>>> print(open('structure-v2.json').read())   # JSON, C-alpha atoms
[["chain", "number", "residue", "atom", "x", "y", "z"],
["J", 1, "MET", "CA", 98.11, 119.00, 88.58],
["J", 2, "ARG", "CA", 95.75, 119.59, 85.63],
["J", 3, "GLY", "CA", 95.28, 123.22, 84.60],
["J", 4, "VAL", "CA", 91.75, 124.49, 84.00],
["J", 5, "ILE", "CA", 90.51, 127.57, 82.16],
["J", 6, "LEU", "CA", 87.01, 128.73, 83.09],
["J", 7, "TYR", "CA", 85.25, 130.00, 79.97],
["J", 8, "GLY", "CA", 82.19, 131.71, 81.43],
["J", 9, "PHE", "CA", 82.34, 133.01, 84.98],
["J", 10, "GLY", "CA", 78.70, 133.27, 85.90],
["J", 11, "TYR", "CA", 76.93, 131.32, 88.62],
["J", 12, "ILE", "CA", 78.11, 127.86, 87.53],
["J", 13, "GLY", "CA", 81.60, 129.05, 86.64],
["J", 14, "ARG", "CA", 82.03, 130.54, 90.09],
["J", 15, "MET", "CA", 80.77, 127.37, 91.76],
["J", 16, "VAL", "CA", 83.29, 125.39, 89.72],
["J", 17, "ALA", "CA", 86.08, 127.76, 90.73],
["J", 18, "LYS", "CA", 85.23, 127.51, 94.41],
["J", 19, "GLU", "CA", 85.09, 123.71, 94.26],
["J", 20, "ILE", "CA", 88.48, 123.59, 92.53],
["J", 21, "VAL", "CA", 90.02, 125.79, 95.22],
["J", 22, "GLU", "CA", 88.47, 123.79, 98.04],
["J", 23, "SER", "CA", 89.42, 120.37, 96.63],
["J", 24, "GLY", "CA", 92.92, 121.27, 95.48],
["J", 25, "ALA", "CA", 92.79, 118.53, 92.83],
["J", 26, "LEU", "CA", 92.94, 120.94, 89.88],
["J", 27, "GLU", "CA", 94.47, 124.35, 89.21],
["J", 28, "ILE", "CA", 92.74, 127.41, 87.75],
["J", 29, "ILE", "CA", 95.07, 128.85, 85.10],
["J", 30, "GLY", "CA", 92.71, 131.25, 83.36],
["J", 31, "ALA", "CA", 89.21, 132.74, 83.34],
["J", 32, "ILE", "CA", 87.19, 134.32, 80.55],
["J", 33, "ASP", "CA", 83.99, 136.36, 80.69],
["J", 34, "VAL", "CA", 82.40, 139.33, 78.92],
["J", 35, "ASP", "CA", 80.82, 140.92, 82.02],
["J", 36, "GLU", "CA", 82.54, 144.30, 82.34],
["J", 37, "ARG", "CA", 81.78, 144.33, 86.07],
["J", 38, "ILE", "CA", 84.22, 141.49, 86.72],
["J", 39, "VAL", "CA", 86.74, 141.73, 83.86],
["J", 40, "GLY", "CA", 90.18, 142.50, 85.29],
["J", 41, "LYS", "CA", 89.31, 141.27, 88.76],
["J", 42, "ASP", "CA", 90.97, 138.32, 90.46],
["J", 43, "VAL", "CA", 89.07, 135.04, 90.36],
["J", 44, "GLY", "CA", 89.67, 134.43, 94.06],
["J", 45, "GLU", "CA", 88.31, 137.81, 95.06],
["J", 46, "ILE", "CA", 85.10, 137.20, 93.11],
["J", 47, "ILE", "CA", 84.45, 133.89, 94.87],
["J", 48, "GLY", "CA", 85.59, 135.16, 98.26],
["J", 49, "VAL", "CA", 88.71, 133.07, 98.84],
["J", 50, "GLY", "CA", 91.36, 135.77, 98.55],
["J", 51, "THR", "CA", 93.76, 136.52, 95.71],
["J", 52, "LEU", "CA", 94.62, 133.60, 93.40],
["J", 53, "GLY", "CA", 96.70, 135.52, 90.89],
["J", 54, "VAL", "CA", 94.34, 134.74, 88.01],
["J", 55, "LYS", "CA", 92.48, 137.69, 86.53],
["J", 56, "ILE", "CA", 89.29, 137.44, 84.49],
["J", 57, "SER", "CA", 89.81, 138.42, 80.86],
["J", 58, "SER", "CA", 87.41, 139.30, 78.07],
["J", 59, "GLU", "CA", 89.96, 138.21, 75.43],
["J", 60, "PRO", "CA", 89.98, 134.42, 74.97],
["J", 61, "GLU", "CA", 92.96, 134.43, 72.61],
["J", 62, "GLU", "CA", 95.13, 136.18, 75.18],
["J", 63, "VAL", "CA", 94.24, 133.65, 77.85],
["J", 64, "PHE", "CA", 94.83, 130.65, 75.58],
["J", 65, "GLU", "CA", 98.19, 132.01, 74.45],
["J", 66, "LYS", "CA", 99.53, 132.83, 77.91],
["J", 67, "VAL", "CA", 98.84, 129.59, 79.72],
["J", 68, "LYS", "CA", 99.85, 126.02, 79.10],
["J", 69, "PRO", "CA", 97.34, 123.69, 77.40],
["J", 70, "GLY", "CA", 94.92, 121.95, 79.71],
["J", 71, "VAL", "CA", 91.14, 121.74, 79.90],
["J", 72, "VAL", "CA", 88.56, 124.44, 79.25],
["J", 73, "ILE", "CA", 85.41, 124.20, 81.35],
["J", 74, "HIS", "CA", 82.93, 125.99, 79.11],
["J", 75, "ALA", "CA", 79.70, 127.41, 80.57],
["J", 76, "THR", "CA", 78.30, 130.23, 78.45],
["J", 77, "GLY", "CA", 75.23, 129.02, 76.55],
["J", 78, "SER", "CA", 72.76, 126.26, 75.75],
["J", 79, "TYR", "CA", 72.77, 126.24, 71.94],
["J", 80, "LEU", "CA", 75.74, 124.98, 69.96],
["J", 81, "ASP", "CA", 75.30, 127.41, 67.07],
["J", 82, "LYS", "CA", 75.66, 130.30, 69.52],
["J", 83, "VAL", "CA", 78.80, 129.01, 71.25],
["J", 84, "PHE", "CA", 80.44, 127.06, 68.41],
["J", 85, "ASP", "CA", 83.13, 129.69, 67.78],
["J", 86, "GLN", "CA", 84.07, 129.76, 71.47],
["J", 87, "ILE", "CA", 84.56, 125.99, 71.58],
["J", 88, "VAL", "CA", 86.41, 125.85, 68.27],
["J", 89, "LEU", "CA", 88.83, 128.55, 69.41],
["J", 90, "ALA", "CA", 89.73, 126.54, 72.51],
["J", 91, "VAL", "CA", 90.21, 123.44, 70.34],
["J", 92, "GLU", "CA", 92.45, 125.31, 67.90],
["J", 93, "TYR", "CA", 94.72, 126.26, 70.80],
["J", 94, "GLY", "CA", 94.97, 122.61, 71.83],
["J", 95, "TYR", "CA", 92.60, 122.46, 74.79],
["J", 96, "HIS", "CA", 90.17, 119.74, 75.75],
["J", 97, "VAL", "CA", 86.69, 121.24, 76.21],
["J", 98, "VAL", "CA", 84.15, 120.06, 78.79],
["J", 99, "SER", "CA", 80.99, 122.11, 78.28],
["J", 100, "THR", "CA", 77.61, 122.65, 79.92],
["J", 101, "CYS", "CA", 76.08, 123.45, 76.52],
["J", 102, "GLU", "CA", 72.95, 121.29, 76.59],
["J", 103, "THR", "CA", 72.67, 120.72, 72.85],
["J", 104, "LEU", "CA", 76.32, 119.60, 72.77],
["J", 105, "ALA", "CA", 75.25, 116.54, 74.77],
["J", 106, "TYR", "CA", 74.04, 115.07, 71.45],
["J", 107, "PRO", "CA", 74.67, 117.71, 68.76],
["J", 108, "TRP", "CA", 74.05, 115.50, 65.70],
["J", 109, "LEU", "CA", 70.29, 115.88, 66.15],
["J", 110, "LYS", "CA", 69.96, 119.64, 65.62],
["J", 111, "TYR", "CA", 73.44, 120.66, 64.45],
["J", 112, "PRO", "CA", 74.83, 117.78, 62.37],
["J", 113, "ASN", "CA", 77.13, 119.96, 60.27],
["J", 114, "LEU", "CA", 78.54, 121.79, 63.26],
["J", 115, "ALA", "CA", 79.00, 118.48, 65.07],
["J", 116, "ASP", "CA", 80.96, 116.98, 62.18],
["J", 117, "GLU", "CA", 83.11, 120.11, 61.92],
["J", 118, "LEU", "CA", 83.80, 120.13, 65.64],
["J", 119, "ASP", "CA", 84.72, 116.45, 65.55],
["J", 120, "ARG", "CA", 87.08, 117.02, 62.62],
["J", 121, "ARG", "CA", 88.88, 119.89, 64.31],
["J", 122, "ALA", "CA", 89.14, 118.08, 67.63],
["J", 123, "LEU", "CA", 90.67, 115.08, 65.89],
["J", 124, "GLU", "CA", 93.17, 117.31, 64.11],
["J", 125, "ARG", "CA", 94.28, 118.83, 67.42],
["J", 126, "ASN", "CA", 94.14, 115.50, 69.26],
["J", 127, "VAL", "CA", 91.74, 116.84, 71.90],
["J", 128, "VAL", "CA", 88.35, 115.90, 73.33],
["J", 129, "VAL", "CA", 85.14, 117.95, 73.20],
["J", 130, "ILE", "CA", 82.21, 116.77, 75.31],
["J", 131, "GLY", "CA", 78.94, 118.22, 76.60],
["J", 132, "THR", "CA", 77.82, 117.12, 80.03],
["J", 133, "GLY", "CA", 76.08, 118.17, 83.22],
["J", 134, "VAL", "CA", 73.27, 116.93, 85.38],
["J", 135, "ASN", "CA", 70.61, 117.15, 82.68],
["J", 136, "PRO", "CA", 71.48, 116.42, 79.90],
["J", 137, "GLY", "CA", 74.39, 114.31, 81.00],
["J", 138, "PHE", "CA", 72.99, 112.28, 83.87],
["J", 139, "ILE", "CA", 69.38, 112.14, 85.04],
["J", 140, "PHE", "CA", 67.57, 111.81, 81.70],
["J", 141, "ASP", "CA", 70.21, 109.69, 79.97],
["J", 142, "SER", "CA", 73.34, 108.34, 81.71],
["J", 143, "LEU", "CA", 71.62, 107.24, 84.92],
["J", 144, "PRO", "CA", 68.74, 105.32, 83.30],
["J", 145, "ALA", "CA", 71.20, 103.83, 80.82],
["J", 146, "PHE", "CA", 73.35, 102.53, 83.68],
["J", 147, "LEU", "CA", 70.28, 101.11, 85.43],
["J", 148, "THR", "CA", 69.62, 98.98, 82.34],
["J", 149, "SER", "CA", 72.78, 97.03, 83.21],
["J", 150, "VAL", "CA", 70.53, 94.45, 84.90],
["J", 151, "CYS", "CA", 68.25, 94.16, 81.85],
["J", 152, "SER", "CA", 68.89, 91.84, 78.92],
["J", 153, "LYS", "CA", 66.68, 94.08, 76.81],
["J", 154, "VAL", "CA", 64.72, 97.30, 77.27],
["J", 155, "GLU", "CA", 61.16, 97.80, 76.08],
["J", 156, "ARG", "CA", 60.52, 101.31, 77.40],
["J", 157, "ILE", "CA", 62.01, 103.95, 79.68],
["J", 158, "LYS", "CA", 60.33, 106.79, 81.54],
["J", 159, "VAL", "CA", 62.19, 109.42, 83.57],
["J", 160, "THR", "CA", 60.60, 112.20, 85.62],
["J", 161, "ARG", "CA", 62.42, 115.10, 87.27],
["J", 162, "ILE", "CA", 60.59, 117.48, 89.62],
["J", 163, "ILE", "CA", 62.31, 120.58, 90.98],
["J", 164, "ASN", "CA", 61.23, 123.12, 93.59],
["J", 165, "ALA", "CA", 62.10, 126.24, 91.60],
["J", 166, "SER", "CA", 62.14, 128.48, 94.67],
["J", 167, "LYS", "CA", 65.41, 126.83, 95.75],
["J", 168, "ARG", "CA", 67.19, 127.60, 92.51],
["J", 169, "ARG", "CA", 69.29, 130.56, 91.38],
["J", 170, "TYR", "CA", 67.86, 133.70, 89.79],
["J", 171, "SER", "CA", 68.82, 132.78, 86.22],
["J", 172, "PHE", "CA", 67.01, 129.45, 86.54],
["J", 173, "GLN", "CA", 63.86, 131.05, 87.92],
["J", 174, "LYS", "CA", 63.95, 133.62, 85.13],
["J", 175, "LYS", "CA", 64.38, 131.10, 82.32],
["J", 176, "ILE", "CA", 61.27, 129.17, 83.39],
["J", 177, "GLY", "CA", 59.19, 132.35, 83.32],
["J", 178, "LEU", "CA", 58.22, 132.87, 86.94],
["J", 179, "GLY", "CA", 55.75, 135.74, 87.38],
["J", 180, "LEU", "CA", 54.90, 136.08, 83.70],
["J", 181, "THR", "CA", 51.39, 135.86, 82.32],
["J", 182, "PRO", "CA", 50.77, 132.76, 80.18],
["J", 183, "ASN", "CA", 50.79, 134.93, 77.04],
["J", 184, "GLU", "CA", 54.06, 136.59, 78.05],
["J", 185, "PHE", "CA", 55.50, 133.15, 78.69],
["J", 186, "LYS", "CA", 54.58, 131.94, 75.19],
["J", 187, "GLU", "CA", 55.87, 135.11, 73.54],
["J", 188, "LYS", "CA", 59.20, 135.03, 75.35],
["J", 189, "MET", "CA", 59.63, 131.34, 74.64],
["J", 190, "ALA", "CA", 58.97, 131.95, 70.95],
["J", 191, "LYS", "CA", 61.54, 134.78, 70.87],
["J", 192, "GLY", "CA", 64.10, 132.77, 72.82],
["J", 193, "GLU", "CA", 64.11, 135.30, 75.67],
["J", 194, "ILE", "CA", 63.43, 132.42, 78.05],
["J", 195, "THR", "CA", 64.20, 128.78, 77.37],
["J", 196, "GLY", "CA", 62.76, 126.61, 80.08],
["J", 197, "HIS", "CA", 64.67, 123.33, 80.09],
["J", 198, "VAL", "CA", 66.92, 122.65, 77.10],
["J", 199, "GLY", "CA", 67.85, 119.12, 76.09],
["J", 200, "TYR", "CA", 64.81, 116.82, 76.12],
["J", 201, "ALA", "CA", 65.50, 115.55, 72.61],
["J", 202, "GLU", "CA", 69.25, 115.37, 73.12],
["J", 203, "SER", "CA", 68.83, 113.22, 76.23],
["J", 204, "LEU", "CA", 66.45, 110.90, 74.40],
["J", 205, "MET", "CA", 68.80, 110.42, 71.46],
["J", 206, "LEU", "CA", 71.74, 109.87, 73.78],
["J", 207, "LEU", "CA", 69.72, 107.37, 75.79],
["J", 208, "SER", "CA", 68.72, 105.64, 72.57],
["J", 209, "GLU", "CA", 72.34, 105.26, 71.48],
["J", 210, "MET", "CA", 73.34, 103.96, 74.88],
["J", 211, "THR", "CA", 70.60, 101.34, 75.16],
["J", 212, "GLY", "CA", 69.75, 100.42, 71.58],
["J", 213, "LEU", "CA", 66.17, 101.72, 71.71],
["J", 214, "ASP", "CA", 66.42, 102.78, 68.05],
["J", 215, "ILE", "CA", 64.54, 106.04, 68.45],
["J", 216, "VAL", "CA", 63.95, 107.66, 65.06],
["J", 217, "ASN", "CA", 61.50, 110.43, 65.92],
["J", 218, "VAL", "CA", 61.48, 112.82, 68.85],
["J", 219, "ILE", "CA", 58.97, 115.43, 69.98],
["J", 220, "GLU", "CA", 59.42, 117.94, 72.80],
["J", 221, "GLU", "CA", 57.14, 120.56, 74.31],
["J", 222, "GLN", "CA", 56.93, 122.91, 77.30],
["J", 223, "GLN", "CA", 53.92, 124.60, 78.88],
["J", 224, "PRO", "CA", 53.55, 127.04, 81.77],
["J", 225, "ILE", "CA", 52.09, 126.02, 85.12],
["J", 226, "VAL", "CA", 49.77, 128.79, 86.31],
["J", 227, "SER", "CA", 49.42, 129.68, 89.97],
["J", 228, "HIS", "CA", 46.01, 130.03, 91.66],
["J", 229, "GLU", "CA", 47.45, 131.85, 94.68],
["J", 230, "TYR", "CA", 50.00, 134.51, 95.52],
["J", 231, "LEU", "CA", 53.53, 133.11, 95.88],
["J", 232, "GLU", "CA", 56.99, 134.54, 96.38],
["J", 233, "THR", "CA", 60.55, 133.40, 95.85],
["J", 234, "GLN", "CA", 63.69, 135.29, 96.79],
["J", 235, "HIS", "CA", 63.65, 136.77, 93.28],
["J", 236, "PHE", "CA", 60.05, 136.86, 91.98],
["J", 237, "LYS", "CA", 56.53, 137.72, 93.09],
["J", 238, "ILE", "CA", 53.91, 135.46, 91.56],
["J", 239, "SER", "CA", 50.33, 136.73, 91.42],
["J", 240, "PRO", "CA", 47.30, 134.47, 90.85],
["J", 241, "GLY", "CA", 47.00, 133.78, 87.14],
["J", 242, "THR", "CA", 50.74, 134.10, 86.45],
["J", 243, "VAL", "CA", 53.39, 131.44, 85.88],
["J", 244, "LYS", "CA", 54.73, 129.52, 88.86],
["J", 245, "GLY", "CA", 56.70, 126.98, 86.81],
["J", 246, "ILE", "CA", 56.85, 124.82, 83.72],
["J", 247, "ARG", "CA", 56.02, 121.31, 82.67],
["J", 248, "GLY", "CA", 57.96, 119.96, 79.73],
["J", 249, "TYR", "CA", 58.45, 116.60, 78.13],
["J", 250, "GLY", "CA", 60.22, 114.75, 75.39],
["J", 251, "LYS", "CA", 59.01, 111.57, 73.73],
["J", 252, "GLY", "CA", 61.03, 109.25, 71.54],
["J", 253, "TYR", "CA", 59.43, 106.86, 69.06],
["J", 254, "GLY", "CA", 60.77, 103.87, 67.17],
["J", 255, "LYS", "CA", 60.31, 102.95, 63.51],
["J", 256, "ASP", "CA", 56.93, 101.40, 64.30],
["J", 257, "ASP", "CA", 55.74, 104.66, 65.94],
["J", 258, "LYS", "CA", 55.88, 102.89, 69.28],
["J", 259, "LEU", "CA", 56.83, 105.05, 72.27],
["J", 260, "LYS", "CA", 60.28, 103.92, 73.39],
["J", 261, "ALA", "CA", 61.26, 106.53, 75.96],
["J", 262, "GLU", "CA", 59.83, 109.63, 77.57],
["J", 263, "VAL", "CA", 61.29, 112.25, 79.86],
["J", 264, "GLU", "CA", 59.23, 114.69, 81.90],
["J", 265, "PHE", "CA", 60.47, 117.83, 83.61],
["J", 266, "ILE", "CA", 58.51, 119.86, 86.17],
["J", 267, "ALA", "CA", 60.06, 122.94, 87.75],
["J", 268, "ALA", "CA", 57.66, 124.96, 89.89],
["J", 269, "VAL", "CA", 57.32, 126.86, 93.14],
["J", 270, "GLY", "CA", 55.86, 124.79, 95.97],
["J", 271, "VAL", "CA", 56.59, 121.27, 94.68],
["J", 272, "ASN", "CA", 58.85, 118.70, 96.33],
["J", 273, "ASP", "CA", 62.12, 117.70, 94.65],
["J", 274, "ARG", "CA", 61.97, 114.22, 93.17],
["J", 275, "ASP", "CA", 63.65, 112.15, 90.47],
["J", 276, "SER", "CA", 62.21, 108.84, 89.31],
["J", 277, "ILE", "CA", 63.01, 106.27, 86.65],
["J", 278, "GLU", "CA", 60.91, 103.37, 85.41],
["J", 279, "LEU", "CA", 62.41, 100.71, 83.15],
["J", 280, "ASP", "CA", 60.30, 98.12, 81.37],
["J", 281, "CYS", "CA", 62.77, 95.29, 80.83],
["J", 282, "GLY", "CA", 60.23, 92.94, 79.27],
["J", 283, "LYS", "CA", 60.26, 90.28, 81.96],
["J", 284, "TYR", "CA", 60.09, 92.75, 84.83],
["J", 285, "VAL", "CA", 59.92, 96.45, 85.68],
["J", 286, "ILE", "CA", 62.58, 98.38, 87.60],
["J", 287, "LYS", "CA", 61.66, 101.53, 89.53],
["J", 288, "TRP", "CA", 64.18, 103.98, 91.00],
["J", 289, "ASP", "CA", 63.32, 107.03, 93.10],
["J", 290, "SER", "CA", 65.27, 109.84, 94.74],
["J", 291, "ASN", "CA", 64.32, 112.86, 96.81],
["J", 292, "GLY", "CA", 65.97, 115.05, 94.20],
["J", 293, "ILE", "CA", 69.53, 115.47, 92.93],
["J", 294, "PRO", "CA", 70.63, 119.12, 93.47],
["J", 295, "GLY", "CA", 71.09, 120.43, 89.94],
["J", 296, "ASP", "CA", 73.78, 123.08, 90.35],
["J", 297, "TYR", "CA", 76.07, 121.09, 92.61],
["J", 298, "ALA", "CA", 75.58, 117.98, 90.52],
["J", 299, "THR", "CA", 76.46, 119.90, 87.36],
["J", 300, "VAL", "CA", 79.65, 121.23, 88.93],
["J", 301, "SER", "CA", 80.60, 117.76, 90.16],
["J", 302, "MET", "CA", 79.96, 116.22, 86.76],
["J", 303, "LEU", "CA", 82.09, 118.83, 85.01],
["J", 304, "LEU", "CA", 85.02, 118.33, 87.34],
["J", 305, "ASN", "CA", 84.79, 114.55, 87.33],
["J", 306, "VAL", "CA", 84.79, 114.51, 83.52],
["J", 307, "VAL", "CA", 87.79, 116.87, 83.50],
["J", 308, "LYS", "CA", 89.71, 114.36, 85.62],
["J", 309, "ILE", "CA", 89.23, 111.52, 83.11],
["J", 310, "VAL", "CA", 89.15, 113.45, 79.83],
["J", 311, "ASN", "CA", 92.61, 112.18, 78.89],
["J", 312, "ASN", "CA", 91.22, 108.63, 78.93],
["J", 313, "LEU", "CA", 88.81, 109.40, 76.09],
["J", 314, "LYS", "CA", 89.60, 109.09, 72.40],
["J", 315, "PRO", "CA", 90.13, 112.46, 70.71],
["J", 316, "GLY", "CA", 87.18, 114.00, 68.89],
["J", 317, "LEU", "CA", 83.62, 114.99, 69.71],
["J", 318, "ARG", "CA", 82.46, 112.67, 72.46],
["J", 319, "THR", "CA", 79.28, 112.09, 74.49],
["J", 320, "MET", "CA", 78.49, 110.55, 77.85],
["J", 321, "LYS", "CA", 78.10, 107.26, 76.01],
["J", 322, "ASP", "CA", 81.89, 107.16, 75.87],
["J", 323, "ILE", "CA", 82.09, 107.38, 79.68],
["J", 324, "VAL", "CA", 79.08, 105.57, 81.11],
["J", 325, "LEU", "CA", 79.64, 102.12, 82.54],
["J", 326, "LEU", "CA", 77.73, 98.97, 81.62],
["J", 327, "HIS", "CA", 74.28, 99.32, 80.06],
["J", 328, "ALA", "CA", 71.84, 97.16, 78.08]]
>>> encode(input="structure-v2.json", output="C-alpha cells")
Amino acid sequence: MRGVILYGFGYIGRMVAKEIVESGALEIIGAIDVDERIVGKDVGEIIGVGTLGVKISSEPEEVFEKVKPGVVIHATGSYLDKVFDQIVLAVEYGYHVVSTCETLAYPWLKYPNLADELDRRALERNVVVIGTGVNPGFIFDSLPAFLTSVCSKVERIKVTRIINASKRRYSFQKKIGLGLTPNEFKEKMAKGEITGHVGYAESLMLLSEMTGLDIVNVIEEQQPIVSHEYLETQHFKISPGTVKGIRGYGKGYGKDDKLKAEVEFIAAVGVNDRDSIELDCGKYVIKWDSNGIPGDYATVSMLLNVVKIVNNLKPGLRTMKDIVLLHA
C-alpha cells in the first residue's frame, strides 16, 4: 500500500485524508501544517474517523525523516515562488510530490528558473513533481485536449466554467471577494490579499502544448460582478453595490495574433453550475456541456488518482500532458 504524507491540512487536505481512509487504497503516514490549533492532534480525530496514530506536525523535516519514502500530497498555496522550498524539501528526502499549486501546472511561463531547478533536483532524486487538480489540471486543459482526439487539427478552443459560489467553502468565497465593494476588491487583488481564480495562463499554455496550438502570447484578467440586490451565503452578507462574484478570462494568441484558445471563469452567487467546451476542428465544431463538475471533490479525486500512477511517470518536473490520453 502506497504511503502518503499530507503537506497542508486545510479544507482540501482534510477531504483527501477522509477519502483515503474511506477507500483504503492508500495509507496516511504523515501530516504537516502550521496551524497551531491542530498541530499535535491526530489526523483521524480532526476528520472525525477516530484515532489513526498519525499526528499533525509543524516540522516537515521530522516527518520526512521518520516515515518511509512515498508520495507527498501538497496543498498549501497557489504560487510556486511561495511554496518552492516546501516542494524542494520533499524532493530532497526522496518523495514524489503531487501538488494543488496552480502555477505548478505549467511553471515555465511565470517561473522558468524555479521550474528548471525543480526539474533538476527531481531528476537527481529520481522522483516526480507534478501540479494538478480540477482547474488547472482538468477542465480548462486536460479535458478539452482529450476531446480533440476526434479532430485531425484544431483551429480554436473555448472553455467556460460557471460556479455557484454559495455552494463553495469559506476560503473560496473569500478569495473571490464576496461582500467587498468594487474598490476594495481591486485593492485586495492588487495586494494579493484575494486571488480570484489562479491559472488561466497556465491552463492555456498547457493546452497549447497538448494540442499544438502554438500559443505565444497570453493575457488574463479578472473583474468583480456587482450585486443589485441583497444576497446571503452561509459565510457572507452581500449588500446591493457589493461583489457577488467574479468573471475572469484568459486568452491565448498565436504568432499571427490570431486567437487560438480562450478560457472563461464565472463564480458568483445565484448562478447555475455549468461547464462547456467548444472545439473548432476546421471541418466541424464539437460542443460539450455539463451541469458542473464539483470542484473540491474533483480536485481530491484528481490528486489521489495521480498519486496511484505517479510511479509510471518519468522522473522530473511533469505536467498533465504526461498523463492525458490521446489528443490532437
>>> residues_near_point(input="structure-v2.json", point="(91.1, 135.8, 81.7)", cutoff="8 Å", atoms="all atoms listed in the file", output="PDB file with C-alpha atoms, in the coordinates of the input")
ATOM      1  CA  GLY J  30      92.710 131.250  83.360  1.00  0.00           C
ATOM      2  CA  ALA J  31      89.210 132.740  83.340  1.00  0.00           C
ATOM      3  CA  ILE J  32      87.190 134.320  80.550  1.00  0.00           C
ATOM      4  CA  ASP J  33      83.990 136.360  80.690  1.00  0.00           C
ATOM      5  CA  VAL J  39      86.740 141.730  83.860  1.00  0.00           C
ATOM      6  CA  GLY J  40      90.180 142.500  85.290  1.00  0.00           C
ATOM      7  CA  VAL J  54      94.340 134.740  88.010  1.00  0.00           C
ATOM      8  CA  LYS J  55      92.480 137.690  86.530  1.00  0.00           C
ATOM      9  CA  ILE J  56      89.290 137.440  84.490  1.00  0.00           C
ATOM     10  CA  SER J  57      89.810 138.420  80.860  1.00  0.00           C
ATOM     11  CA  SER J  58      87.410 139.300  78.070  1.00  0.00           C
ATOM     12  CA  GLU J  59      89.960 138.210  75.430  1.00  0.00           C
ATOM     13  CA  PRO J  60      89.980 134.420  74.970  1.00  0.00           C
ATOM     14  CA  GLU J  62      95.130 136.180  75.180  1.00  0.00           C
ATOM     15  CA  VAL J  63      94.240 133.650  77.850  1.00  0.00           C
TER      16      VAL J  63
END
>>> closest_atom_pairs(input="structure-v2.json", of="range 125-243 of chain J", to="range 5-29 of chain J", cutoff="12 Å", atoms="all atoms listed in the file", output="JSON lines")
{"residue": "J:Gly133", "atom": "CA", "partner": "J:Ile12", "partner_atom": "CA", "distance": 10.8}
{"residue": "J:Arg168", "atom": "CA", "partner": "J:Tyr11", "partner_atom": "CA", "distance": 11.1}
{"residue": "J:Arg169", "atom": "CA", "partner": "J:Tyr11", "partner_atom": "CA", "distance": 8.2}
{"residue": "J:Tyr170", "atom": "CA", "partner": "J:Tyr11", "partner_atom": "CA", "distance": 9.4}
{"residue": "J:Ser171", "atom": "CA", "partner": "J:Tyr11", "partner_atom": "CA", "distance": 8.6}
{"residue": "J:Phe172", "atom": "CA", "partner": "J:Tyr11", "partner_atom": "CA", "distance": 10.3}
>>> closest_residue(input="structure-v2.json", among="J:Leu114, J:Val216, J:Val43, J:Leu313", to="Asp81 in chain J", atoms="all atoms listed in the file")
J:Leu114
>>> closest_residue(input="structure-v2.json", among="J:Ser78, J:Asn164, J:Thr148, J:Ser99", to="Gly295 in chain J", atoms="all atoms listed in the file")
J:Asn164
>>> closest_residue(input="structure-v2.json", among="J:Asn135, J:Gln222, J:Val4, J:Asp116", to="Ala90 in chain J", atoms="all atoms listed in the file")
J:Val4
>>> closest_residue(input="structure-v2.json", among="J:Asn113, J:Asn183, J:Thr299, J:Thr319", to="Gly131 in chain J", atoms="all atoms listed in the file")
J:Thr319
>>> closest_residue(input="structure-v2.json", among="J:Leu325, J:Ile238, J:Leu118, J:Ile246", to="Val271 in chain J", atoms="all atoms listed in the file")
J:Ile246
>>> atom_distance(input="structure-v2.json", atom1="CA of Pro294 in chain J", atom2="CA of Leu204 in chain J")
21.2 Å
